[in-house]
Structure formats: C-alpha cells, structure tokens
>>> print(open('start-v6.cif').read())   # mmCIF, C-alpha atoms
data_coords
#
loop_
_atom_site.label_atom_id
_atom_site.label_comp_id
_atom_site.auth_asym_id
_atom_site.auth_seq_id
_atom_site.Cartn_x
_atom_site.Cartn_y
_atom_site.Cartn_z
CA MET A 1 -14.42 -65.35 -43.68
CA ILE A 2 -12.54 -68.25 -42.08
CA LYS A 3 -10.17 -65.85 -40.29
CA LYS A 4 -13.04 -63.72 -38.99
CA ASN A 5 -14.85 -66.81 -37.67
CA GLN A 6 -11.68 -68.04 -35.95
CA LEU A 7 -11.17 -64.67 -34.30
CA GLU A 8 -14.78 -64.62 -33.09
CA GLU A 9 -14.27 -68.07 -31.53
CA THR A 10 -11.10 -66.89 -29.77
CA VAL A 11 -12.78 -63.76 -28.41
CA SER A 12 -15.85 -65.70 -27.30
CA PHE A 13 -13.67 -68.25 -25.45
CA LEU A 14 -11.83 -65.48 -23.56
CA LYS A 15 -15.02 -63.61 -22.69
CA ASN A 16 -16.34 -66.82 -21.18
CA LYS A 17 -13.10 -67.05 -19.17
CA GLY A 18 -13.87 -63.64 -17.64
CA PHE A 19 -11.99 -61.19 -19.89
CA LYS A 20 -14.38 -58.23 -19.76
CA ASN A 21 -14.60 -54.43 -19.41
CA LEU A 22 -11.09 -54.10 -20.83
CA GLU A 23 -9.43 -50.72 -21.26
CA ILE A 24 -5.77 -51.26 -22.14
CA GLY A 25 -3.82 -53.95 -23.98
CA ILE A 26 -0.10 -54.46 -23.36
CA VAL A 27 2.49 -56.44 -25.33
CA LEU A 28 5.64 -57.35 -23.42
CA GLY A 29 8.91 -57.76 -25.33
CA THR A 30 12.05 -59.83 -24.78
CA GLY A 31 13.23 -59.74 -21.18
CA LEU A 32 10.38 -57.43 -20.19
CA GLY A 33 8.04 -59.73 -18.26
CA LYS A 34 8.18 -58.22 -14.78
CA LEU A 35 5.34 -55.80 -15.41
CA VAL A 36 3.14 -58.84 -14.74
CA ASP A 37 4.26 -58.71 -11.08
CA GLU A 38 2.55 -55.31 -10.79
CA ILE A 39 -0.84 -56.62 -11.93
CA ASP A 40 -3.63 -57.76 -9.66
CA ILE A 41 -4.24 -60.89 -11.76
CA GLU A 42 -7.82 -62.13 -12.12
CA VAL A 43 -7.46 -64.60 -15.01
CA LEU A 44 -4.38 -66.21 -16.58
CA VAL A 45 -4.64 -68.39 -19.68
CA GLN A 46 -1.80 -70.18 -21.49
CA TYR A 47 -1.70 -69.47 -25.23
CA SER A 48 -1.89 -73.22 -25.82
CA GLU A 49 -5.37 -73.29 -24.22
CA ILE A 50 -6.85 -70.57 -26.45
CA PRO A 51 -8.60 -71.70 -29.67
CA HIS A 52 -6.73 -70.62 -32.84
CA PHE A 53 -4.13 -68.68 -30.82
CA PRO A 54 -0.50 -69.17 -31.92
CA GLU A 55 1.95 -70.58 -29.37
CA ALA A 56 5.13 -68.73 -28.39
CA THR A 57 8.18 -70.73 -29.48
CA VAL A 58 10.96 -68.43 -28.27
CA GLU A 59 12.34 -69.67 -24.96
CA PHE A 60 12.41 -66.24 -23.31
CA HIS A 61 8.77 -65.51 -24.22
CA SER A 62 6.43 -67.09 -21.71
CA GLY A 63 3.20 -67.45 -23.73
CA LYS A 64 0.46 -66.30 -21.34
CA LEU A 65 -2.54 -64.00 -21.69
CA ILE A 66 -3.14 -62.17 -18.42
CA TYR A 67 -6.21 -60.23 -17.32
CA GLY A 68 -6.39 -58.07 -14.25
CA LYS A 69 -6.08 -54.62 -12.76
CA LEU A 70 -3.13 -52.24 -13.02
CA ALA A 71 -3.22 -48.62 -11.82
CA ASN A 72 -6.95 -49.13 -11.23
CA LYS A 73 -7.60 -50.01 -14.89
CA LYS A 74 -8.64 -53.31 -16.45
CA VAL A 75 -5.73 -54.53 -18.58
CA ILE A 76 -4.91 -57.50 -20.75
CA VAL A 77 -1.26 -58.43 -21.18
CA MET A 78 0.40 -60.57 -23.80
CA SER A 79 3.34 -62.03 -21.91
CA GLY A 80 5.14 -63.36 -24.97
CA ARG A 81 4.68 -62.19 -28.56
CA PHE A 82 5.01 -63.78 -31.98
CA HIS A 83 7.61 -63.01 -34.67
CA LEU A 84 7.86 -63.64 -38.38
CA TYR A 85 11.24 -65.29 -37.76
CA GLU A 86 9.48 -68.07 -35.83
CA GLY A 87 7.80 -69.10 -39.07
CA TYR A 88 4.47 -67.44 -38.33
CA THR A 89 2.45 -65.61 -40.96
CA PRO A 90 1.80 -61.87 -40.53
CA TRP A 91 -1.80 -62.83 -39.58
CA GLU A 92 -0.53 -65.06 -36.76
CA VAL A 93 2.03 -62.50 -35.59
CA THR A 94 -0.74 -59.94 -35.08
CA TYR A 95 -3.48 -62.32 -33.92
CA GLY A 96 -3.08 -61.16 -30.33
CA ILE A 97 -3.68 -57.53 -31.29
CA ARG A 98 -6.88 -58.41 -33.12
CA THR A 99 -7.97 -60.56 -30.17
CA MET A 100 -7.39 -57.77 -27.63
CA HIS A 101 -9.26 -55.33 -29.87
CA GLY A 102 -12.14 -57.81 -30.12
CA LEU A 103 -12.22 -57.89 -26.31
CA GLY A 104 -12.70 -54.13 -26.25
CA ILE A 105 -9.37 -52.47 -25.43
CA LYS A 106 -9.26 -48.71 -26.06
CA ASN A 107 -5.47 -48.23 -26.10
CA LEU A 108 -2.47 -50.43 -26.92
CA LEU A 109 0.96 -50.22 -25.25
CA ILE A 110 3.89 -52.12 -26.74
CA SER A 111 7.41 -52.80 -25.49
CA ASN A 112 10.39 -54.36 -27.21
CA ALA A 113 14.11 -54.91 -26.89
CA ALA A 114 16.07 -53.23 -29.69
CA GLY A 115 19.57 -52.43 -30.84
CA ALA A 116 20.75 -48.80 -30.76
CA ILE A 117 21.69 -47.59 -34.24
CA ASN A 118 21.88 -43.96 -33.13
CA LEU A 119 25.34 -43.84 -31.56
CA ASN A 120 24.20 -41.18 -29.08
CA TYR A 121 21.92 -43.82 -27.52
CA LYS A 122 23.45 -46.29 -25.09
CA LYS A 123 22.82 -49.78 -23.79
CA GLY A 124 20.09 -49.69 -21.12
CA ASP A 125 18.45 -46.48 -22.43
CA LEU A 126 14.76 -46.23 -23.29
CA MET A 127 13.43 -44.92 -26.60
CA LEU A 128 9.88 -43.81 -27.30
CA ILE A 129 9.04 -44.75 -30.89
CA GLU A 130 7.73 -41.79 -32.88
CA ASP A 131 7.85 -43.41 -36.33
CA HIS A 132 9.00 -46.62 -37.97
CA ILE A 133 10.41 -48.22 -41.13
CA ASN A 134 9.12 -51.64 -42.18
CA LEU A 135 11.93 -53.76 -43.66
CA GLN A 136 10.27 -57.10 -42.93
CA GLY A 137 9.15 -57.55 -46.54
CA SER A 138 5.51 -58.12 -45.66
CA SER A 139 2.33 -56.53 -44.34
CA PRO A 140 -0.25 -57.96 -41.91
CA LEU A 141 -2.95 -56.33 -44.06
CA ALA A 142 -1.95 -58.14 -47.27
CA PHE A 143 -4.23 -61.17 -47.32
CA ASN A 144 -7.51 -62.16 -48.93
CA GLY A 145 -10.34 -60.88 -46.74
CA ALA A 146 -8.29 -58.33 -44.81
CA ASN A 147 -10.89 -55.69 -45.67
CA ASN A 148 -13.34 -57.55 -43.39
CA PHE A 149 -11.41 -56.04 -40.48
CA GLY A 150 -11.17 -52.44 -41.69
CA ASN A 151 -9.50 -50.29 -44.32
CA ILE A 152 -6.51 -52.18 -45.76
CA PHE A 153 -5.08 -48.88 -47.03
CA ALA A 154 -4.39 -47.79 -43.46
CA ASP A 155 -2.99 -44.27 -43.23
CA MET A 156 0.44 -44.43 -41.58
CA LEU A 157 0.95 -40.67 -41.28
CA GLU A 158 0.75 -41.02 -37.51
CA PRO A 159 1.19 -44.69 -36.53
CA TYR A 160 1.96 -43.81 -32.91
CA SER A 161 -0.50 -41.69 -30.94
CA LYS A 162 0.85 -38.17 -30.46
CA ASP A 163 -1.47 -37.75 -27.49
CA ILE A 164 -0.19 -40.87 -25.68
CA ASN A 165 3.42 -40.07 -26.59
CA ALA A 166 3.04 -36.58 -25.13
CA LYS A 167 1.75 -38.08 -21.88
CA ILE A 168 4.69 -40.52 -21.74
CA LYS A 169 7.23 -37.74 -22.29
CA LYS A 170 5.63 -35.65 -19.54
CA ILE A 171 5.73 -38.61 -17.14
CA ALA A 172 9.39 -39.27 -18.00
CA VAL A 173 10.29 -35.69 -17.05
CA ALA A 174 8.27 -35.88 -13.82
CA GLN A 175 9.88 -39.21 -12.86
CA ASN A 176 13.38 -38.10 -13.91
CA ILE A 177 13.63 -40.93 -16.46
CA SER A 178 15.85 -40.33 -19.48
CA LEU A 179 13.77 -41.07 -22.58
CA HIS A 180 14.96 -40.76 -26.16
CA GLU A 181 12.54 -40.43 -29.06
CA GLY A 182 13.24 -41.91 -32.45
CA VAL A 183 12.61 -44.09 -35.47
CA TYR A 184 12.41 -47.87 -35.06
CA THR A 185 13.17 -50.13 -38.01
CA SER A 186 11.78 -53.65 -38.01
CA VAL A 187 13.72 -56.38 -39.84
CA LEU A 188 12.85 -60.04 -40.36
CA GLY A 189 15.65 -61.71 -38.36
CA PRO A 190 16.36 -63.95 -36.57
CA GLN A 191 20.01 -63.40 -37.51
CA LEU A 192 21.49 -60.11 -36.39
CA GLU A 193 22.68 -57.50 -38.86
CA THR A 194 25.97 -57.29 -40.70
CA ARG A 195 28.17 -54.21 -40.46
CA ALA A 196 27.02 -53.22 -43.95
CA GLU A 197 23.40 -53.54 -42.87
CA TYR A 198 24.02 -51.38 -39.80
CA ARG A 199 25.58 -48.74 -42.08
CA MET A 200 22.47 -48.92 -44.29
CA LEU A 201 20.24 -48.42 -41.25
CA GLN A 202 22.28 -45.37 -40.27
CA ILE A 203 21.80 -43.95 -43.77
CA LEU A 204 18.05 -44.53 -43.38
CA GLU A 205 18.18 -42.42 -40.18
CA THR A 206 17.11 -45.34 -38.02
CA ASP A 207 17.58 -44.87 -34.28
CA ALA A 208 16.85 -48.45 -33.17
CA VAL A 209 16.39 -51.81 -34.88
CA GLY A 210 14.40 -54.89 -33.88
CA MET A 211 12.36 -57.81 -35.16
CA SER A 212 8.85 -57.01 -33.90
CA THR A 213 6.34 -54.25 -33.15
CA VAL A 214 5.76 -52.85 -36.66
CA PRO A 215 3.21 -55.50 -37.76
CA GLU A 216 1.35 -55.00 -34.47
CA VAL A 217 1.24 -51.24 -34.97
CA ILE A 218 0.04 -51.57 -38.58
CA VAL A 219 -2.87 -53.74 -37.42
CA ALA A 220 -3.65 -51.30 -34.60
CA LYS A 221 -3.84 -48.57 -37.22
CA GLN A 222 -6.26 -50.60 -39.35
CA LEU A 223 -8.42 -51.06 -36.25
CA ASN A 224 -8.23 -47.35 -35.30
CA LEU A 225 -6.63 -48.40 -32.02
CA PRO A 226 -4.39 -45.69 -30.47
CA CYS A 227 -1.00 -47.12 -29.58
CA ALA A 228 2.41 -46.24 -28.19
CA ALA A 229 5.64 -48.24 -28.06
CA ILE A 230 8.83 -48.08 -26.03
CA SER A 231 12.10 -49.78 -26.94
CA VAL A 232 14.58 -50.88 -24.31
CA LEU A 233 17.96 -50.51 -26.02
CA THR A 234 19.92 -53.64 -25.18
CA ASP A 235 23.00 -53.34 -27.39
CA GLU A 236 24.95 -50.73 -29.35
CA CYS A 237 25.21 -51.34 -33.09
CA ASP A 238 28.27 -49.36 -34.15
CA PRO A 239 29.45 -50.85 -37.47
CA LYS A 240 32.96 -49.42 -36.90
CA ASN A 241 33.26 -51.11 -33.53
CA LEU A 242 30.98 -54.13 -33.70
CA GLN A 243 31.17 -56.73 -30.93
CA PRO A 244 29.65 -60.22 -30.87
CA VAL A 245 26.16 -60.15 -29.39
CA ASP A 246 25.29 -62.33 -26.42
CA ILE A 247 21.52 -63.01 -26.14
CA ALA A 248 21.89 -63.66 -22.40
CA GLU A 249 23.44 -60.20 -22.01
CA ILE A 250 20.63 -58.62 -24.03
CA ILE A 251 18.07 -60.15 -21.67
CA GLU A 252 20.11 -59.02 -18.65
CA VAL A 253 20.30 -55.42 -19.93
CA ALA A 254 16.55 -55.45 -20.64
CA GLY A 255 15.91 -56.66 -17.11
CA LYS A 256 17.99 -53.84 -15.59
CA ALA A 257 16.23 -51.17 -17.67
CA GLU A 258 12.78 -52.65 -17.18
CA PRO A 259 11.87 -50.85 -13.90
CA LYS A 260 12.00 -47.52 -15.76
CA MET A 261 9.63 -48.83 -18.43
CA ILE A 262 7.29 -50.24 -15.77
CA THR A 263 7.15 -46.83 -14.08
CA LEU A 264 6.29 -45.12 -17.37
CA PHE A 265 3.57 -47.65 -18.21
CA LYS A 266 2.01 -47.64 -14.72
CA GLU A 267 1.87 -43.83 -14.55
CA LEU A 268 0.53 -43.66 -18.09
CA ILE A 269 -2.19 -46.25 -17.47
CA ALA A 270 -3.35 -44.25 -14.45
CA GLU A 271 -3.81 -41.25 -16.77
CA LEU A 272 -5.45 -42.94 -19.76
#
>>> encode(input="start-v6.cif", output="structure tokens")
Amino acid sequence: MIKKNQLEETVSFLKNKGFKNLEIGIVLGTGLGKLVDEIDIEVLVQYSEIPHFPEATVEFHSGKLIYGKLANKKVIVMSGRFHLYEGYTPWEVTYGIRTMHGLGIKNLLISNAAGAINLNYKKGDLMLIEDHINLQGSSPLAFNGANNFGNIFADMLEPYSKDINAKIKKIAVAQNISLHEGVYTSVLGPQLETRAEYRMLQILETDAVGMSTVPEVIVAKQLNLPCAAISVLTDECDPKNLQPVDIAEIIEVAGKAEPKMITLFKELIAEL
C-alpha cells in the first residue's frame, strides 16, 4: 500500500497546484519539446518539486509537468520522461502515467525518437505505432501490490487504441503528412544495438526500435486508458551499412520532424 499512498500524495499535491478538469495526457520524447510552445500554460511544476516524483536525469529531457489548454482542451504534458537505463525501476518509469491517470485524463498521447529498422522508412519520417515487442526484460506490472491499481494480467491484444489511430491516420491524409504504421520494439539501452542485434530485430519484423514507451503503454492498458504513440525516426539502422550514431544529430533530426508531429497531435486533440 506504500506505493498507492505515495501516488495519492502526488496527485493531491498537483490538484492543489491547480491541475484539474484534465482530458488528455501527453508524454514528449527526446528532442520533441516544442509542443509546449503551442500550449496556453496555466501551471508549470518542476519534477523536483513534486512529492515522490522521479527526476529526469537525461540532459535533453527537461523535467517539467505542464498544465494548460491546447486545441481548446485541458492537457497535462510530461516534458521529459524516465527510462530504465537511467537506473529507475519500472514503477518509477511509469509513475507519470499513473499520476496523470489519477488526475483524470481520458486519453494518453505518447511520442518518442526511434531508429528505423524497416529499411523502407527513412530518417525524419513519422511512424504510428500499431503494436509493440517488449525486449526490456521487465514489466511495470510485476511488483507486490500491483493489483491495487487494476488487473495485472492486462490484455495486450490491442495496446494502442484503434479508434485514436484511425483518427490520426485520417488527419495525416488531410494534412498531407506521410505517416508509416508499424511495430515498435523497446530495448533496455542505453547503448545502441550491434549489427547482429539489428538483424535480430529485422527477423522479429520490427519497424522501429527505442528505449521507452512500452512500459508506459502497458500501464495505460492496466488502467484502461486509451493511448496512441508516434515515433519520430531519427536514424536508419541498416546492419549491412551501419554508421556511427551521433546523439546531437538524432536530436536535430527529431527537431526537424517535430512540426509534423505537433500538427497531428493538435488536430487530434481538437477531435478527441
């Protein structure tokens, strides 16, 4: 019950700060922070101020919880997420999702930066995630007391909302935005993959690979929280022609592709 009590304290603190009448939660991935500029911000709280909330340790994740209005809807945005590779537990990695759910969000939108395993997908493209493979070696539902938050045997037949995905695809067509659809595989990291590992991911019919998102989606499923996720493909992972990866370049590519993702999210939020 300790975890449940901590979560209640976190939610209570944020409600007292003015986080109320929430409709949509958003998680922003690496290099994807400019959506915040589109929000009419009402309250901004640093993670370090929030009781029991983990602190972002990755330099390109800012670590702020933002509340305001976007496309005439009340939204809460995690600007900066948590990863297993930072040394956090699966509970800590997904604490923000449980917090946003406790504050009353009805839908969850997730973004991430990922590597393109599907060689038809190119650097700077967007991919709507329609299914995933968890290769992180853990589950955010595997802890003592997890059943206090819902069914630990969460059904993963449809981890990503078909209804929300259909809306996103329709918006992409209307806005003339090229949008792939595929399978995202989440690995532990933080090291990048070897050529042999990229070949394995191809065999597994992975379209994109990253180090986040899957734990968040699993928790959303336990909480019966409809969600959708978009990957910005920041590098091409061809094991036969592998080049050294530059993190600065990944962030630059994400930044260039980000306006397309912002358009999709803004138009979607207006419809939800």
>>> resolve_selection(input="start-v6.cif", expression="the PyMOL selection byres ((chain A and resi 116-120) around 8)", output="JSON, numbers by chain")
{"A": [114, 115, 121, 122, 123, 198, 201, 202, 206, 207, 208, 209, 233, 234, 235, 236, 237, 238]}
>>> resolve_selection(input="start-v6.cif", expression="the PyMOL selection byres ((chain A and resi 20) around 10)", output="mmCIF file with C-alpha atoms, in the coordinates of the input")
data_model
loop_
_atom_site.group_PDB
_atom_site.id
_atom_site.type_symbol
_atom_site.label_atom_id
_atom_site.label_comp_id
_atom_site.auth_asym_id
_atom_site.auth_seq_id
_atom_site.Cartn_x
_atom_site.Cartn_y
_atom_site.Cartn_z
ATOM 1 C CA LEU A 14 -11.830 -65.480 -23.560
ATOM 2 C CA LYS A 15 -15.020 -63.610 -22.690
ATOM 3 C CA ASN A 16 -16.340 -66.820 -21.180
ATOM 4 C CA LYS A 17 -13.100 -67.050 -19.170
ATOM 5 C CA GLY A 18 -13.870 -63.640 -17.640
ATOM 6 C CA PHE A 19 -11.990 -61.190 -19.890
ATOM 7 C CA ASN A 21 -14.600 -54.430 -19.410
ATOM 8 C CA LEU A 22 -11.090 -54.100 -20.830
ATOM 9 C CA GLU A 23 -9.430 -50.720 -21.260
ATOM 10 C CA TYR A 67 -6.210 -60.230 -17.320
ATOM 11 C CA GLY A 68 -6.390 -58.070 -14.250
ATOM 12 C CA LYS A 74 -8.640 -53.310 -16.450
ATOM 13 C CA VAL A 75 -5.730 -54.530 -18.580
ATOM 14 C CA ILE A 76 -4.910 -57.500 -20.750
ATOM 15 C CA LEU A 103 -12.220 -57.890 -26.310
ATOM 16 C CA GLY A 104 -12.700 -54.130 -26.250
ATOM 17 C CA ILE A 105 -9.370 -52.470 -25.430
#
>>> resolve_selection(input="start-v6.cif", expression="the PyMOL selection byres ((chain A and resi 70) around 9)", output="JSON, numbers by chain")
{"A": [38, 39, 40, 41, 68, 69, 71, 72, 73, 74, 75, 266, 269, 270]}
>>> residues_around(input="start-v6.cif", residues="A:Gly102", least_positions_apart="4", cutoff="8 Å", atoms="only C-alpha atoms", output="PyMOL selection string")
chain A and resi 8+11+98
>>> write_last_selection(input="start-v6.cif", atoms="C-alpha atoms", output="short mmCIF file (atom, residue, chain, number, x, y, z; two decimals), in the coordinates of the input")
data_model
loop_
_atom_site.label_atom_id
_atom_site.label_comp_id
_atom_site.auth_asym_id
_atom_site.auth_seq_id
_atom_site.Cartn_x
_atom_site.Cartn_y
_atom_site.Cartn_z
CA GLU A 8 -14.78 -64.62 -33.09
CA VAL A 11 -12.78 -63.76 -28.41
CA ARG A 98 -6.88 -58.41 -33.12
#
>>> residues_around(input="start-v6.cif", residues="A:Asn112", least_positions_apart="2", cutoff="9 Å", atoms="all atoms listed in the file", output="list in words")
Val27, Leu28, Gly29, Thr30, Gly31, Leu32, Ile110, Ala114, Gly210, Met211, Ser212, Thr213, Ala229, Ile230, Ser231, Val232 and Leu233 of chain A
>>> write_last_selection(input="start-v6.cif", atoms="C-alpha atoms", output="JSON list (two decimals), in the coordinates of the input")
[["chain", "number", "residue", "atom", "x", "y", "z"],
["A", 27, "VAL", "CA", 2.49, -56.44, -25.33],
["A", 28, "LEU", "CA", 5.64, -57.35, -23.42],
["A", 29, "GLY", "CA", 8.91, -57.76, -25.33],
["A", 30, "THR", "CA", 12.05, -59.83, -24.78],
["A", 31, "GLY", "CA", 13.23, -59.74, -21.18],
["A", 32, "LEU", "CA", 10.38, -57.43, -20.19],
["A", 110, "ILE", "CA", 3.89, -52.12, -26.74],
["A", 114, "ALA", "CA", 16.07, -53.23, -29.69],
["A", 210, "GLY", "CA", 14.40, -54.89, -33.88],
["A", 211, "MET", "CA", 12.36, -57.81, -35.16],
["A", 212, "SER", "CA", 8.85, -57.01, -33.90],
["A", 213, "THR", "CA", 6.34, -54.25, -33.15],
["A", 229, "ALA", "CA", 5.64, -48.24, -28.06],
["A", 230, "ILE", "CA", 8.83, -48.08, -26.03],
["A", 231, "SER", "CA", 12.10, -49.78, -26.94],
["A", 232, "VAL", "CA", 14.58, -50.88, -24.31],
["A", 233, "LEU", "CA", 17.96, -50.51, -26.02]]
>>> atom_distance(input="start-v6.cif", atom1="atom CA of A:Leu7", atom2="atom CA of A:Asp37")
28.5 Å
>>> atom_distance(input="start-v6.cif", atom1="atom CA of A:Lys260", atom2="atom CA of A:Asn165")
15.7 Å
